[in-house]
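Asker: Here it is: the structure, laid out below.
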Amino acid sequence: MNTQEEQRLQTFVNGTPLDVDPRSIDRELTALWAAARTGVEPSKAVVRFSILNLIVMARNSQQVEPLTSQIIDLTMKHPCRAILLVNEGGEGASTVKATVAAHCRLPVGGGMPVCGEQINITASGGDAAAILPGTVIPLLTSDLPVALGWPDWPSGALAADGWSLDPALFAPLLQSADHLIVDSLRFGKPNSNLVRLEALHEQDYPSVAITDLNWLRLLTWRQLTAQVFDSPSLRSYLPNLSKITVRYVVQDDRPLNPCQALLYLGWLSDKMSWRPGEISPQEKGNSAITLRTSTGSQLYAGVLTTTADNIWAGDIAEVIMEGSYNGVAATFTLERIAFDEQPQADGSKPLAEHIRTIIEVQGQNRIERIVPLGKQAWAQLVGNALGNLGHDSAFEQALQMAVWMSSTSGTKKVDKGVRGGR
Amino acid sequence: MTTLNAAGLLEEQLASNPLWEGMRLQRTPEPCAMVIFGVTGDLAHRKLIPALYNLAVDRLLPPGFSIVGFGRRPYTDEQFRAEMEEAIKQFSRRPLEPGTWESILQGMHYVQGDFNDERAFETLASLLSDLDRERNTGGNRVFYLSTPPSTYEEIIANIGAAGIARQNWAGSGWTRIIIEKPFGTDLPTARHLNSKVHEVFDESQTYRIDHYLGKETVQNILVFRFANTIFEPIWNRRYVESVQITVAESLGVEERAGYYEGAGALRDMVQNHLMQQLALTAMEPPSDFEADAIRDEKVKIFRSIKPLDPREVAERVVRGQYGPGSSGGQQVPGYRQEPKVSPTSNTESFVAMKLFIENWRWQGVPFYLRTGKRLPVRSSEIAITFKPVPLMLFRDSGVTQLDRNILALQIQPDEGISMKFESKVPSTRMQIRSVNMDFRYNTAFGTQPADAYERLILDCMLGDSTLFTRADEVEAAWTIVTSILDGWKVLPPPQFPNYEAGSWGPREAHEMLSRDGFVWRRP
């Protein structure tokens, strides 16, 4: 290996993108890995490892850096072949550029660094969207699952009407995928986008498992809700709930997005066999929903906005469930709170997000418990999704209910961006 | 017959929590209280309290969960809480974070008393009743015996006398007891202890813990065998030549001489850790992945191993004790020179043995077990050596010998699975060399596995006894081990020390294998 080759290899292993010929990406990677396995020096040898093909669609070239940073985080726990696509569009003849980089981590307990790889493919020109699938699909490693991550689905530069994607790009990629990862927290038009998401699952691509990262953000909320009713004495309240309030956060500079709140309520309704009643959309992103329980009694659910510092717009801030059993009233509250974490090396103290569970039963002691919300960064959420590849029937049922709850005349009011507080 | 309750959901449905259906998460237990006897001791500080804390951080403990420490030291609740906070800071795999810890503190109490002090148990009973009322623990309790085995009987008797061992104490709820190893010192003492436990708790309430079973890699033995189709057809006497199970420790007796002097390697390691690994490796597929189905199969394995008579003990069991030597580049003392060890001690720090499982699957296949202190490395592994190919096809090409295929399950450290097979060396002539195909946990999964105690404590709270040993299982394992202890009683005393610290054990252990045409693997 000459000096230039050594430098090239070191650039690659250090994670710096290395320009490669887009017509021979796989061949170049094979050569680089063969050199990296033996190492320039034995002490620098690495292990190439992959459990997955991950295709990530960037909206534009400005997203490459933040998405790369998230892919690196993901690779730390889920070494994979990540293919980051950028469609720069434009006019004229199409061109494709490609880079490759390795992302390495030291294994728990020691040993040679374990590395995944990232391939960036940038297409520009009039036929860029049509060229990308043909460049990407041959790069997929056989026998490994394929996840298509589309952080901006269905919005983004190519989604002029809010959800219709360029079929020349989206359709062939999704046909090659086992799994589509979207994020309804980023939906530009939440209500119509939820409908589109359900249609994608129900009609267009039923074999592709869909993961909504917003649904995964709800995991802790669902877990803690279920835990409240693990006690047999409190479980009796579950079918006797009469009112549920879900508050989600709005911020002045962010679009109104009730998807998380609707999915939560959709999940609860599905599990309790509550059926749709009426929806009374109100101003400012709030909705009052009537549900019918299996006995025919009514349950009132409010999806309300609130403002809060340090909580992302669209995230749930609070859930309150009220009911009565044998004449004894009870209130169950889950609320998001923040604590100072341990100081970091730079002296800063990031906020650690938690959820406080409060159980109040008339005539009994109040029970309180605080637990961490869990990491909600993209890499963690995608990592969670990768741990459970396959259809999630709980999500699919919750989505169905959420779509019903969002299908109101209030959509327009919400999308006009009229925002309100608690 | 099913009936509708007032709200219309079927009562049967409400017997379980419908919100967990389809949740891709570990279930959490019902609200409960855990009473730790011997809470001021080393195990509680290093393992139990950190395990509970980490379960809380992972949101795997229920609201209202309460911890009651029971010990002799005259602590107040505040002193107890402060000491446990220090334990978490020192031993938890995660740093202490204030929100979660504050919540745990709300349900943390201390009861001071001797283990034979009936009044202290009455105080405990009263506190548990208060917790049922104030924290909605619903009569659900776990008692954890983190005390010397000599105290087990009196603690269990006093729990019974205080009336807090009963199931459905508060009209509903469950009561369980976790008992640390060693469970007895031989078959008669294990039987006696089982009978004492059963005077107060029935078997379904009893969780005998062997933390080895909580290790991910030990649990993976069953997944490896029964979630893949390619290994089970060759997992028998037709294809397997021998099996070696090694649990090697590089440390000496350290601070445990007080216990170890009366136990030795056979009781301390073979009766539990090695026997469990043997059973998981050799058992038949269970009818269901359920506690009793799995334990039934393990018991069958133990019962298929005939107890050894003294002649067989002399031929098939080697014991050893380390003398001075070197470990980790340093001179280390021999066993008899360790603190609190008798200078004439005949306690074995090493044991190796050959066992046969007399059933259709394993008839004639030797299982070699080996464990010891002050061996060159810390390593646990199960190695399956397969029979040689029936015909040497490559003899005319100059290949005179082929190595056996070996499948090695590394339990710790460097957890993984490797398969050794023969491969052609790239060249124009026929040259064959062994190569390894390796799977490493830390390569494939970038996560730190949870501590074994976290998994086991949670399983107990959930009522899953799969990874705990049942009374008949313990007794069946002791039957084998006791036959060896009995054999040693009538055989000439050992000539200790008989291996150097830092070596792979006494010469006799190697000779035992070489007589069969094998060698011990070097893990």
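Identifiers in the structure tokens: chain A, B, ... in order shown; residue index from 1 per chain; ligand index from 1 in order shown.
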For chain A, work out the contacting residues on chain B at 8 Å, counting only C-alpha atoms, and write them as JSON, numbers by chain.
Answerer: {"B": [7, 8, 9, 14, 15, 17, 18, 19, 20, 21, 22, 23, 24, 25, 28, 29, 30, 31, 56, 57, 58, 59, 62, 63, 64, 97, 98, 99, 100, 102, 103, 104, 133, 134, 135, 136, 137, 138, 414, 442, 443, 444, 445, 446, 447, 448]}
Asker: Check stretch 35-250 of chain A with DSSP on the backbone and list each residue it calls strand (DSSP E or B), as a ChimeraX atom specification.
Answerer: /A:47-48,53-58,81-89,95-105,114-124,146-149,179-182,209-212,241-249
Asker: Which of these, B:Thr371, B:Asn359, B:Ser349, B:Gln495, has the shortest distance to B:Arg237 once you count only C-alpha atoms?
Answerer: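 Selected residue with least distance to B:Arg237: B:Asn359.
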Asker: Rounded to one decimal place, report the atom CA of B:Thr217-atom CA of A:Leu386 distance in Å.
Answerer: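 Here the two named atoms are 21.4 Å from each other.
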Asker: Can you tell me how far atom CA of A:Asn60 sits from atom CA of A:Lys97, in Å to one decimal?
Answerer: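 Between these atoms lies a distance of 14.1 Å.
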Asker: Neighbours of A:Leu299 within 7 Å (only C-alpha atoms; same-chain residues fewer than 3 positions away dropped), as number ranges by chain?
Answerer: A: 242-243, 290-293
Asker: Please dump the current selection as a CSV table (one decimal), in the first residue's frame; keep C-alpha atoms.
Answerer:
chain,number,residue,atom,x,y,z
A,242,SER,CA,-65.5,9.2,32.0
A,243,LYS,CA,-63.1,11.9,30.8
A,290,THR,CA,-67.1,11.8,22.3
A,291,LEU,CA,-66.4,8.1,22.4
A,292,ARG,CA,-68.8,5.3,23.2
A,293,THR,CA,-67.7,2.6,25.6
Asker: Please provide as JSON, numbers by chain all residues within 6 Å of stretch 505-519 of chain B, with the sequence filter that same-chain residues fewer than 6 positions apart are discarded (counting only C-alpha atoms).
Answerer: {"B": [318, 498, 499]}
Asker: Can I get the selected residues back with N, CA and C atoms, as a compact mmCIF listing (two decimals), in the first residue's frame?
Answerer:
# COMPACT_ATOMS: atom_id res chain seq x y z
N VAL B 318 -11.27 -35.22 39.58
CA VAL B 318 -9.97 -34.74 40.05
C VAL B 318 -10.21 -33.46 40.85
N ASN B 498 -1.66 -29.02 44.64
CA ASN B 498 -1.24 -29.86 43.52
C ASN B 498 -1.28 -29.13 42.18
N TYR B 499 -1.51 -27.80 42.21
CA TYR B 499 -1.28 -27.03 40.98
C TYR B 499 -0.83 -25.62 41.34
